[in-house]
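Structure data follow from data-v5.cif (mmCIF, C-alpha atoms):
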data_entry
#
loop_
_atom_site.label_atom_id
_atom_site.label_comp_id
_atom_site.auth_asym_id
_atom_site.auth_seq_id
_atom_site.Cartn_x
_atom_site.Cartn_y
_atom_site.Cartn_z
CA MET A 107 -40.30 26.18 -58.93
CA ARG A 108 -43.97 26.72 -58.07
CA THR A 109 -46.97 24.53 -58.66
CA PRO A 110 -49.91 26.30 -60.35
CA LEU A 111 -52.59 27.38 -57.87
CA ARG A 112 -55.30 25.18 -59.36
CA ALA A 113 -53.05 22.13 -59.20
CA ARG A 114 -52.06 22.91 -55.62
CA ASN A 115 -55.66 23.18 -54.51
CA ALA A 116 -56.47 19.84 -56.12
CA LEU A 117 -53.80 18.23 -53.96
CA ILE A 118 -54.87 19.67 -50.62
CA ALA A 119 -57.56 17.08 -49.87
CA PRO A 120 -55.27 14.05 -50.28
CA PHE A 121 -52.57 15.66 -48.17
CA ILE A 122 -54.96 16.31 -45.33
CA LEU A 123 -54.84 12.56 -44.76
CA ILE A 124 -51.25 12.89 -43.61
CA THR A 125 -51.34 13.16 -39.85
CA ALA A 126 -49.20 15.36 -37.67
CA GLY A 127 -46.83 12.48 -37.04
CA THR A 128 -45.98 11.44 -40.58
CA LEU A 129 -42.45 12.81 -40.49
CA PHE A 130 -39.84 11.25 -38.23
CA LEU A 131 -37.30 13.36 -36.54
CA THR A 132 -33.83 12.38 -37.76
CA ALA A 133 -31.66 10.71 -40.32
CA CYS A 134 -30.12 7.28 -40.52
CA GLY A 135 -27.97 4.63 -42.36
CA SER A 136 -27.51 2.16 -45.18
CA GLY A 137 -30.06 -0.19 -46.63
CA THR A 138 -31.68 -1.08 -49.90
CA ASP A 139 -33.90 1.20 -51.94
CA ASP A 140 -36.93 -1.01 -51.39
CA THR A 141 -40.36 0.44 -50.75
CA VAL A 142 -42.36 0.04 -47.57
CA ASN A 143 -43.42 -3.60 -47.41
CA ALA A 144 -46.88 -4.97 -46.83
CA ALA A 145 -46.49 -4.94 -43.04
CA ALA A 146 -46.41 -1.14 -43.10
CA ARG A 147 -49.00 -0.54 -45.81
CA SER A 148 -51.96 -0.98 -43.51
CA ASP A 149 -53.40 2.28 -42.21
CA GLU A 150 -53.54 0.65 -38.79
CA ILE A 151 -50.55 0.69 -36.47
CA PRO A 152 -48.92 -2.78 -36.38
CA THR A 153 -49.46 -4.41 -32.99
CA ALA A 154 -48.00 -7.90 -33.45
CA ASP A 155 -46.17 -9.01 -30.32
CA VAL A 156 -42.53 -9.58 -31.22
CA VAL A 157 -41.10 -8.98 -27.75
CA SER A 158 -42.79 -11.00 -24.99
CA ALA A 159 -41.16 -14.32 -25.91
CA ILE A 160 -37.64 -12.91 -25.57
CA ARG A 161 -35.61 -14.46 -22.76
CA LYS A 162 -32.87 -12.91 -20.66
CA ASP A 163 -29.32 -13.48 -21.88
CA PRO A 164 -27.06 -13.85 -18.83
CA ALA A 165 -23.90 -13.08 -20.81
CA ALA A 166 -25.30 -9.74 -22.04
CA ALA A 167 -26.86 -8.90 -18.67
CA LYS A 168 -23.51 -9.47 -16.96
CA LEU A 169 -22.16 -6.44 -18.84
CA LEU A 170 -24.55 -4.09 -17.06
CA PRO A 171 -23.12 -1.94 -14.28
CA SER A 172 -23.62 -3.52 -10.87
CA GLY A 173 -27.03 -2.88 -9.34
CA VAL A 174 -28.85 -1.77 -12.49
CA ARG A 175 -32.39 -3.15 -12.30
CA SER A 176 -34.39 -0.45 -14.10
CA LEU A 177 -33.73 2.35 -16.58
CA THR A 178 -35.63 5.50 -17.53
CA LEU A 179 -36.25 5.70 -21.25
CA ALA A 180 -37.22 8.92 -23.07
CA VAL A 181 -39.30 8.38 -26.21
CA SER A 182 -40.06 10.90 -28.93
CA ILE A 183 -43.61 10.56 -30.30
CA SER A 184 -43.83 10.93 -34.07
CA GLY A 185 -47.30 9.62 -34.80
CA GLN A 186 -47.14 7.10 -37.67
CA PRO A 187 -45.27 3.87 -38.36
CA PRO A 188 -42.46 3.14 -38.05
CA GLY A 189 -42.19 6.05 -35.61
CA THR A 190 -43.70 5.93 -32.13
CA SER A 191 -47.46 6.39 -31.85
CA ILE A 192 -49.98 6.29 -29.03
CA LEU A 193 -52.65 3.60 -29.46
CA ASP A 194 -56.37 4.25 -29.08
CA ASP A 195 -56.27 3.53 -25.35
CA GLY A 196 -54.43 6.84 -24.98
CA LYS A 197 -51.46 5.40 -23.11
CA THR A 198 -49.83 2.48 -24.94
CA LEU A 199 -46.84 3.40 -27.09
CA ALA A 200 -46.21 1.48 -30.31
CA GLY A 201 -43.38 1.90 -32.77
CA GLN A 202 -40.14 0.48 -34.04
CA ASP A 203 -38.00 2.34 -31.50
CA VAL A 204 -40.23 1.14 -28.66
CA ASP A 205 -40.05 -2.48 -29.82
CA PHE A 206 -36.25 -2.35 -30.00
CA ALA A 207 -35.98 -0.74 -26.57
CA GLN A 208 -38.31 -3.29 -24.99
CA ALA A 209 -36.56 -6.16 -26.74
CA VAL A 210 -33.17 -5.08 -25.42
CA ALA A 211 -34.62 -4.65 -21.94
CA LYS A 212 -35.91 -8.23 -22.06
CA VAL A 213 -32.49 -9.53 -23.12
CA LEU A 214 -30.85 -7.63 -20.25
CA GLY A 215 -33.54 -8.42 -17.70
CA VAL A 216 -34.18 -4.79 -16.74
CA GLU A 217 -37.37 -2.81 -16.30
CA LEU A 218 -37.95 0.20 -18.55
CA LYS A 219 -39.66 3.26 -17.12
CA THR A 220 -40.85 5.01 -20.28
CA ARG A 221 -41.35 8.76 -20.45
CA GLN A 222 -42.62 10.79 -23.40
CA ALA A 223 -40.43 13.74 -24.38
CA SER A 224 -40.06 16.11 -27.30
CA PHE A 225 -37.39 15.16 -29.81
CA GLU A 226 -35.29 18.26 -29.26
CA ALA A 227 -35.38 17.87 -25.45
CA ILE A 228 -34.10 14.31 -25.16
CA LEU A 229 -30.39 14.60 -25.99
CA PRO A 230 -29.75 17.64 -23.74
CA ALA A 231 -31.58 15.91 -20.87
CA LEU A 232 -29.29 12.87 -20.93
CA ASP A 233 -26.47 14.91 -19.41
CA SER A 234 -28.67 15.93 -16.48
CA GLY A 235 -29.49 12.34 -15.58
CA LYS A 236 -33.21 12.87 -16.10
CA TYR A 237 -33.20 9.94 -18.53
CA ASP A 238 -30.82 6.99 -18.78
CA LEU A 239 -31.31 6.70 -22.53
CA GLY A 240 -33.42 8.04 -25.35
CA VAL A 241 -34.93 6.82 -28.60
CA GLY A 242 -36.38 8.86 -31.43
CA ASN A 243 -34.62 7.66 -34.58
CA PHE A 244 -31.50 9.57 -33.49
CA GLY A 245 -28.92 9.65 -36.26
CA VAL A 246 -25.27 9.16 -35.32
CA THR A 247 -23.30 12.23 -36.40
CA ASP A 248 -19.77 13.31 -35.53
CA GLU A 249 -21.21 16.47 -33.98
CA ARG A 250 -23.54 14.52 -31.69
CA ARG A 251 -20.80 12.04 -30.76
CA ARG A 252 -18.97 14.84 -28.96
CA THR A 253 -21.55 14.77 -26.15
CA ILE A 254 -23.61 11.62 -26.77
CA ASP A 255 -22.79 7.90 -26.91
CA PHE A 256 -24.81 5.74 -29.28
CA VAL A 257 -25.47 2.02 -29.62
CA THR A 258 -26.66 1.39 -33.17
CA TYR A 259 -29.65 -0.78 -33.98
CA ILE A 260 -30.84 0.25 -37.45
CA ASN A 261 -30.00 2.28 -40.53
CA ASP A 262 -32.18 4.93 -42.11
CA GLY A 263 -31.29 8.12 -43.91
CA GLN A 264 -32.11 11.56 -45.18
CA GLY A 265 -34.47 11.84 -48.10
CA PHE A 266 -36.84 14.21 -49.86
CA ALA A 267 -40.47 14.22 -50.94
CA THR A 268 -42.64 16.64 -52.86
CA ARG A 269 -46.01 17.02 -54.58
CA GLU A 270 -46.70 14.60 -57.37
CA ASP A 271 -47.01 17.38 -59.94
CA SER A 272 -43.55 18.76 -59.18
CA ASP A 273 -40.90 18.73 -61.91
CA LEU A 274 -38.33 17.52 -59.39
CA LYS A 275 -36.95 14.03 -59.89
CA LYS A 276 -34.56 12.15 -57.60
CA VAL A 277 -32.60 14.64 -55.46
CA THR A 278 -28.92 13.69 -55.33
CA ASP A 279 -27.39 17.16 -55.03
CA LEU A 280 -28.57 20.08 -52.90
CA ARG A 281 -28.01 22.36 -55.87
CA GLN A 282 -31.20 20.88 -57.27
CA LEU A 283 -33.01 22.74 -54.48
CA CYS A 284 -31.62 26.20 -55.29
CA GLY A 285 -34.37 28.81 -55.30
CA LEU A 286 -36.86 26.50 -53.55
CA ASN A 287 -38.42 26.45 -50.10
CA VAL A 288 -37.49 23.31 -48.13
CA ALA A 289 -39.60 22.31 -45.11
CA THR A 290 -38.11 20.21 -42.33
CA SER A 291 -38.17 19.67 -38.56
CA ALA A 292 -36.40 21.97 -36.15
CA GLY A 293 -33.38 20.63 -34.25
CA THR A 294 -32.74 17.71 -36.60
CA THR A 295 -29.89 16.51 -38.78
CA PHE A 296 -32.01 17.63 -41.73
CA GLU A 297 -31.95 21.24 -40.61
CA ALA A 298 -28.20 21.04 -39.91
CA THR A 299 -27.44 19.52 -43.32
CA LEU A 300 -29.46 22.17 -45.14
CA GLU A 301 -28.03 25.11 -43.21
CA GLU A 302 -24.43 23.92 -43.45
CA ASN A 303 -24.64 23.51 -47.21
CA LYS A 304 -26.56 26.62 -48.23
CA HIS A 305 -23.39 27.93 -49.86
CA VAL A 306 -23.66 25.40 -52.71
CA CYS A 307 -26.19 27.61 -54.46
CA ALA A 308 -24.12 30.77 -54.18
CA ASP A 309 -21.07 28.80 -55.27
CA ALA A 310 -23.00 27.82 -58.39
CA GLY A 311 -24.19 31.37 -58.99
CA GLU A 312 -27.80 30.49 -58.13
CA LYS A 313 -30.37 31.76 -55.64
CA ALA A 314 -30.12 29.99 -52.27
CA TYR A 315 -32.83 27.62 -51.11
CA GLN A 316 -34.77 28.70 -48.03
CA VAL A 317 -34.95 26.41 -44.99
CA GLN A 318 -38.35 26.40 -43.29
CA THR A 319 -38.35 24.66 -39.90
CA TYR A 320 -41.38 23.53 -37.95
CA SER A 321 -41.84 21.96 -34.52
CA GLU A 322 -45.21 20.46 -35.44
CA GLN A 323 -45.10 17.80 -38.13
CA GLY A 324 -48.57 18.53 -39.48
CA ALA A 325 -47.41 22.07 -40.22
CA ILE A 326 -44.69 20.74 -42.53
CA TRP A 327 -47.16 18.91 -44.73
CA SER A 328 -49.63 21.79 -44.63
CA SER A 329 -46.87 24.06 -45.86
CA LEU A 330 -46.19 21.71 -48.75
CA GLN A 331 -49.83 21.19 -49.69
CA GLN A 332 -50.56 24.93 -49.65
CA GLY A 333 -47.53 25.77 -51.78
CA ARG A 334 -45.56 27.65 -49.13
CA SER A 335 -42.92 24.91 -49.37
CA ASP A 336 -41.70 23.05 -52.44
CA VAL A 337 -39.94 20.09 -50.83
CA VAL A 338 -39.95 18.16 -47.54
CA MET A 339 -36.77 16.69 -46.07
CA SER A 340 -37.08 13.86 -43.53
CA THR A 341 -36.17 10.21 -42.96
CA ILE A 342 -36.19 7.70 -45.77
CA ASN A 343 -38.47 5.25 -43.97
CA GLY A 344 -40.83 8.00 -42.83
CA LEU A 345 -41.20 9.53 -46.27
CA ARG A 346 -41.68 6.15 -47.93
CA TYR A 347 -44.49 5.40 -45.52
CA ALA A 348 -46.07 8.80 -46.13
CA VAL A 349 -46.10 8.62 -49.92
CA ALA A 350 -47.30 5.00 -49.82
CA HIS A 351 -50.40 6.20 -47.97
CA GLN A 352 -51.11 9.48 -49.75
CA GLU A 353 -52.19 10.46 -53.22
CA GLY A 354 -50.47 13.50 -54.65
CA ALA A 355 -47.07 12.90 -53.05
CA LYS A 356 -43.88 11.36 -54.37
CA PHE A 357 -40.59 10.25 -52.88
CA LEU A 358 -37.48 11.92 -54.32
CA GLY A 359 -35.00 9.28 -53.22
CA GLU A 360 -32.32 8.79 -50.62
CA PHE A 361 -29.84 11.57 -50.07
CA HIS A 362 -27.48 10.75 -47.19
CA ARG A 363 -27.05 7.79 -44.87
CA LEU A 364 -26.59 7.74 -41.09
CA ASP A 365 -26.63 5.01 -38.48
CA VAL A 366 -29.36 5.24 -35.84
CA GLY A 367 -28.92 4.26 -32.23
CA PHE A 368 -29.97 4.35 -28.60
CA ALA A 369 -28.69 7.64 -27.18
CA PHE A 370 -26.84 7.89 -23.86
CA ASP A 371 -24.87 10.50 -21.97
CA LYS A 372 -21.22 10.55 -23.02
CA GLY A 373 -19.14 7.99 -21.19
CA THR A 374 -22.06 5.74 -20.27
CA LYS A 375 -21.24 2.31 -18.87
CA LEU A 376 -24.48 0.93 -20.32
CA ALA A 377 -23.25 0.83 -23.92
CA PRO A 378 -21.48 -2.59 -23.92
CA ALA A 379 -24.54 -4.34 -22.51
CA PHE A 380 -26.87 -2.70 -25.03
CA GLN A 381 -24.53 -3.55 -27.90
CA ALA A 382 -24.43 -7.18 -26.79
CA ALA A 383 -28.22 -7.26 -26.49
CA VAL A 384 -28.77 -5.88 -30.00
CA ASN A 385 -26.31 -8.39 -31.42
CA ARG A 386 -28.12 -11.17 -29.57
CA LEU A 387 -31.41 -10.06 -31.18
CA ILE A 388 -29.76 -10.07 -34.60
CA ALA A 389 -28.36 -13.56 -34.05
CA ASP A 390 -31.58 -15.19 -32.83
CA GLY A 391 -33.82 -13.72 -35.53
CA THR A 392 -35.88 -11.40 -33.31
CA TYR A 393 -34.26 -8.39 -34.95
CA ALA A 394 -35.52 -9.45 -38.38
CA GLU A 395 -39.03 -9.99 -36.96
CA ILE A 396 -39.14 -6.43 -35.62
CA LEU A 397 -38.02 -4.97 -38.94
CA LYS A 398 -40.58 -7.06 -40.83
CA LYS A 399 -43.33 -5.86 -38.51
CA TRP A 400 -42.55 -2.22 -39.27
CA GLY A 401 -41.77 -2.62 -42.96
CA THR A 402 -38.14 -1.54 -42.66
CA THR A 403 -36.18 -4.63 -43.66
CA GLY A 404 -34.11 -2.52 -46.05
CA SER A 405 -32.65 -0.70 -43.04
CA ALA A 406 -31.16 -3.74 -41.31
CA ILE A 407 -27.67 -3.76 -39.85
CA THR A 408 -25.50 -6.85 -39.46
CA ARG A 409 -23.81 -5.83 -36.21
CA SER A 410 -24.38 -3.20 -33.54
CA GLU A 411 -21.61 -0.67 -32.89
CA ILE A 412 -20.85 1.83 -30.15
CA SER A 413 -20.63 5.43 -31.41
CA PRO A 414 -19.24 4.62 -34.87
CA PRO A 415 -17.94 7.50 -37.03
CA GLU A 416 -20.57 9.25 -39.09
CA LEU A 417 -21.23 7.50 -42.39
CA LYS A 418 -19.89 9.51 -45.28
CA ASP A 419 -21.13 9.44 -48.84
CA SER A 420 -18.89 7.48 -51.17
#
Turn this file's structure into structure tokens for me.
Amino acid sequence: MRTPLRARNALIAPFILITAGTLFLTACGSGTDDTVNAAARSDEIPTADVVSAIRKDPAAAKLLPSGVRSLTLAVSISGQPPGTSILDDGKTLAGQDVDFAQAVAKVLGVELKTRQASFEAILPALDSGKYDLGVGNFGVTDERRRTIDFVTYINDGQGFATREDSDLKKVTDLRQLCGLNVATSAGTTFEATLEENKHVCADAGEKAYQVQTYSEQGAIWSSLQQGRSDVVMSTINGLRYAVAHQEGAKFLGEFHRLDVGFAFDKGTKLAPAFQAAVNRLIADGTYAEILKKWGTTGSAITRSEISPPELKDS
């Protein structure tokens, strides 16, 4: 499927408004099919303080390994809400992942030393001890659980978006993509899902879809706007935010669900404390405030888990 050249050119200007950080770099878990709420519809990054009033919970803090007073956190910068952005001062990080990390740190009474890192570099670096934990909307998969421990704090998921003039409707089966070019981010669950299931087109006697991976997020949207790609695959919350702010784009629905969690080296002793802290935030209402701030209430969880099995489609 190709969009006529004239129609493609008419869509380029609106798509230029999508910044390099519009896509978020993984896939997540269950929630409702609601759209981005009013808190995330502003073009400005939400800055409401939902963390400073949090008090230390001695019961949760007691679960930390002895002597832990500070932790080094690796953060992946994605650029637009609810992903992590850098504010106009050039140094302050703001995003849903950052709020959750800081909230948990307050509950546990530990200092966070935050470091920026590329998405694909964070998980491998956990084994080296360079970082104690990482955030970047990391989806919990069975493959990742072999080397990484997770403490879940939200659900999100894999979804698709395309140009508004596309004939594509809601994508529920990868066979709908046969013969198309699909743009996504390198090193993500999106790329893995697409590559692992390429056979569905051959099995159906159709031309395979082509997976186009990019390390720069702006390049993904440029590829779509210029007609080199037909579809974008990314997170549900990220795509909803993007299409809510752009003319000429449409969301093609949720495809697959994954839990999202703080990432640690396998065998970490930090997981029980982090799980207790997330559950404390859920119980006292702070959790709901963070989700409301970022417009992601449809991705709420009811209880944090440690490295749960990958969610499978029913």
Inset, instruction - Work out how far CA of Val317 in chain A is from CA of Ala298 in chain A, in Å to one decimal. - result: 10.0 Å
Inset, instruction - List, as JSON, numbers by chain, every residue that the PyMOL selection byres ((chain A and resi 167-178) around 8) selects in the file provided. - result: {"A": [162, 163, 164, 165, 166, 179, 180, 213, 214, 215, 216, 217, 218, 219, 220, 221, 236, 237, 238, 239, 375, 376, 378, 379]}
Legend entry - Distance query 6 Å from (-49.9, -1.3, -36.3) using all atoms listed in the file, result as a PyMOL selection string: chain A and resi 150-153
So for range 382-391 of chain A, what box centre and size do we get, axis-aligned, 5 Å extra on each of the six sides, every listed atom, Å to one decimal, as JSON?
{"center_x": -29.1, "center_y": -10.5, "center_z": -31.0, "size_x": 19.4, "size_y": 19.3, "size_z": 19.0}
Selection dump of the PyMOL selection byres ((chain A and resi 261) around 10), as a CSV table (one decimal) with C-alpha atoms, in the coordinates of the input:
chain,number,residue,atom,x,y,z
A,133,ALA,CA,-31.7,10.7,-40.3
A,134,CYS,CA,-30.1,7.3,-40.5
A,135,GLY,CA,-28.0,4.6,-42.4
A,136,SER,CA,-27.5,2.2,-45.2
A,137,GLY,CA,-30.1,-0.2,-46.6
A,243,ASN,CA,-34.6,7.7,-34.6
A,245,GLY,CA,-28.9,9.6,-36.3
A,246,VAL,CA,-25.3,9.2,-35.3
A,258,THR,CA,-26.7,1.4,-33.2
A,259,TYR,CA,-29.6,-0.8,-34.0
A,260,ILE,CA,-30.8,0.2,-37.4
A,262,ASP,CA,-32.2,4.9,-42.1
A,263,GLY,CA,-31.3,8.1,-43.9
A,342,ILE,CA,-36.2,7.7,-45.8
A,343,ASN,CA,-38.5,5.2,-44.0
A,363,ARG,CA,-27.0,7.8,-44.9
A,364,LEU,CA,-26.6,7.7,-41.1
A,365,ASP,CA,-26.6,5.0,-38.5
A,366,VAL,CA,-29.4,5.2,-35.8
A,367,GLY,CA,-28.9,4.3,-32.2
A,402,THR,CA,-38.1,-1.5,-42.7
A,403,THR,CA,-36.2,-4.6,-43.7
A,404,GLY,CA,-34.1,-2.5,-46.0
A,405,SER,CA,-32.6,-0.7,-43.0
A,406,ALA,CA,-31.2,-3.7,-41.3
A,407,ILE,CA,-27.7,-3.8,-39.8
All residues 8 Å or closer to Phe370 in chain A, only C-alpha atoms, same chain fewer than 4 positions away omitted, as a PDB file with C-alpha atoms, in the frame of the given file:
ATOM      1  CA  LEU A 229     -30.390  14.600 -25.990  1.00  0.00           C
ATOM      2  CA  LEU A 232     -29.290  12.870 -20.930  1.00  0.00           C
ATOM      3  CA  ASP A 238     -30.820   6.990 -18.780  1.00  0.00           C
ATOM      4  CA  LEU A 239     -31.310   6.700 -22.530  1.00  0.00           C
ATOM      5  CA  GLY A 240     -33.420   8.040 -25.350  1.00  0.00           C
ATOM      6  CA  ILE A 254     -23.610  11.620 -26.770  1.00  0.00           C
ATOM      7  CA  ASP A 255     -22.790   7.900 -26.910  1.00  0.00           C
ATOM      8  CA  PHE A 256     -24.810   5.740 -29.280  1.00  0.00           C
ATOM      9  CA  THR A 374     -22.060   5.740 -20.270  1.00  0.00           C
ATOM     10  CA  ALA A 377     -23.250   0.830 -23.920  1.00  0.00           C
TER      11      ALA A 377
END
Legend entry - Residue contacts of Asn303 in chain A (10 Å, all atoms listed in the file) excluding same-chain residues fewer than 5 positions away, as a ChimeraX atom specification: /A:280-281,298,314-315
Legend entry - Test item: residues at most 12 Å from range 192-201 of chain A, only C-alpha atoms, excluding those fewer than 6 positions along its chain, as an MDAnalysis selection string: chainID A and resid 127 130 146 150:157 180:186 207:208 220:222 241:243 396:397 399:402
Once you count only C-alpha atoms, which residues end up no further than 12 Å from (-24.3, 27.1, -59.9) in the file's frame, shown as a PDB file with C-alpha atoms, keeping the file's coordinate frame?
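Final output, saved to point.pdb:
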ATOM      1  CA  ASP A 279     -27.390  17.160 -55.030  1.00  0.00           C
ATOM      2  CA  LEU A 280     -28.570  20.080 -52.900  1.00  0.00           C
ATOM      3  CA  ARG A 281     -28.010  22.360 -55.870  1.00  0.00           C
ATOM      4  CA  GLN A 282     -31.200  20.880 -57.270  1.00  0.00           C
ATOM      5  CA  LEU A 283     -33.010  22.740 -54.480  1.00  0.00           C
ATOM      6  CA  CYS A 284     -31.620  26.200 -55.290  1.00  0.00           C
ATOM      7  CA  GLY A 285     -34.370  28.810 -55.300  1.00  0.00           C
ATOM      8  CA  LYS A 304     -26.560  26.620 -48.230  1.00  0.00           C
ATOM      9  CA  HIS A 305     -23.390  27.930 -49.860  1.00  0.00           C
ATOM     10  CA  VAL A 306     -23.660  25.400 -52.710  1.00  0.00           C
ATOM     11  CA  CYS A 307     -26.190  27.610 -54.460  1.00  0.00           C
ATOM     12  CA  ALA A 308     -24.120  30.770 -54.180  1.00  0.00           C
ATOM     13  CA  ASP A 309     -21.070  28.800 -55.270  1.00  0.00           C
ATOM     14  CA  ALA A 310     -23.000  27.820 -58.390  1.00  0.00           C
ATOM     15  CA  GLY A 311     -24.190  31.370 -58.990  1.00  0.00           C
ATOM     16  CA  GLU A 312     -27.800  30.490 -58.130  1.00  0.00           C
ATOM     17  CA  LYS A 313     -30.370  31.760 -55.640  1.00  0.00           C
ATOM     18  CA  ALA A 314     -30.120  29.990 -52.270  1.00  0.00           C
TER      19      ALA A 314
END
Legend entry - Shortest interatomic distance to Gly333 in chain A - which of A:Asn287, A:Thr319, A:Gln202, A:Thr247, counting all atoms listed in the file: A:Asn287
Inset, instruction - Given the file shown, enumerate the residues that the PyMOL selection byres ((chain A and resi 291) around 8) captures and present them as a ChimeraX atom specification. - result: /A:131,289-290,292-294,296-297,319-323,326,340
Legend entry - Selected residue, from A:Ser158, A:Gln264, A:Thr190, A:Ser413, that lies nearest to Leu345 in chain A when counting all atoms listed in the file: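 Among the listed residues, A:Gln264 lies closest to Leu345 in chain A.
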Legend entry - Atom-to-atom span, CA of Phe206 in chain A and CA of Phe368 in chain A, Å: 9.3 Å
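The space separating CA of Lys372 in chain A from CA of Arg409 in chain A comes to 21.2 Å.
Remark: for Ala369 in chain A, the closest of the candidate residues A:Gly189, A:Gly265, A:Gly344, A:Pro230 is A:Pro230 (distances computed over only C-alpha atoms).
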Legend entry - Residue nearest Ser272 in chain A among A:Ala231, A:Ala325, A:Ala209, A:Leu358 (counting only C-alpha atoms):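 Ranked by minimum distance to Ser272 in chain A, first place goes to A:Leu358.
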Legend entry - From A:Ser410, A:Asp390, A:Phe244, A:Thr268, residue lying nearest Ser328 in chain A [all atoms listed in the file]: A:Thr268
Generate N, CA and C atoms for range 376-388 of chain A and emit them as a compact mmCIF listing (two decimals), keeping the file's coordinate frame.
# COMPACT_ATOMS: atom_id res chain seq x y z
N LEU A 376 -23.41 1.81 -19.86
CA LEU A 376 -24.48 0.93 -20.32
C LEU A 376 -24.24 0.42 -21.74
N ALA A 377 -23.40 1.12 -22.50
CA ALA A 377 -23.25 0.83 -23.92
C ALA A 377 -22.85 -0.62 -24.24
N PRO A 378 -21.85 -1.21 -23.57
CA PRO A 378 -21.48 -2.59 -23.92
C PRO A 378 -22.62 -3.59 -23.77
N ALA A 379 -23.42 -3.42 -22.72
CA ALA A 379 -24.54 -4.34 -22.51
C ALA A 379 -25.59 -4.18 -23.61
N PHE A 380 -25.88 -2.95 -23.97
CA PHE A 380 -26.87 -2.70 -25.03
C PHE A 380 -26.37 -3.22 -26.37
N GLN A 381 -25.09 -3.03 -26.65
CA GLN A 381 -24.53 -3.55 -27.90
C GLN A 381 -24.67 -5.07 -27.94
N ALA A 382 -24.33 -5.73 -26.84
CA ALA A 382 -24.43 -7.18 -26.79
C ALA A 382 -25.88 -7.65 -26.96
N ALA A 383 -26.81 -6.89 -26.38
CA ALA A 383 -28.22 -7.26 -26.49
C ALA A 383 -28.73 -7.13 -27.92
N VAL A 384 -28.36 -6.04 -28.60
CA VAL A 384 -28.77 -5.88 -30.00
C VAL A 384 -28.19 -7.00 -30.85
N ASN A 385 -26.93 -7.32 -30.64
CA ASN A 385 -26.31 -8.39 -31.42
C ASN A 385 -26.95 -9.75 -31.13
N ARG A 386 -27.40 -9.94 -29.91
CA ARG A 386 -28.12 -11.17 -29.57
C ARG A 386 -29.44 -11.23 -30.36
N LEU A 387 -30.15 -10.11 -30.44
CA LEU A 387 -31.41 -10.06 -31.18
C LEU A 387 -31.19 -10.32 -32.67
N ILE A 388 -30.08 -9.81 -33.19
CA ILE A 388 -29.76 -10.07 -34.60
C ILE A 388 -29.49 -11.55 -34.82
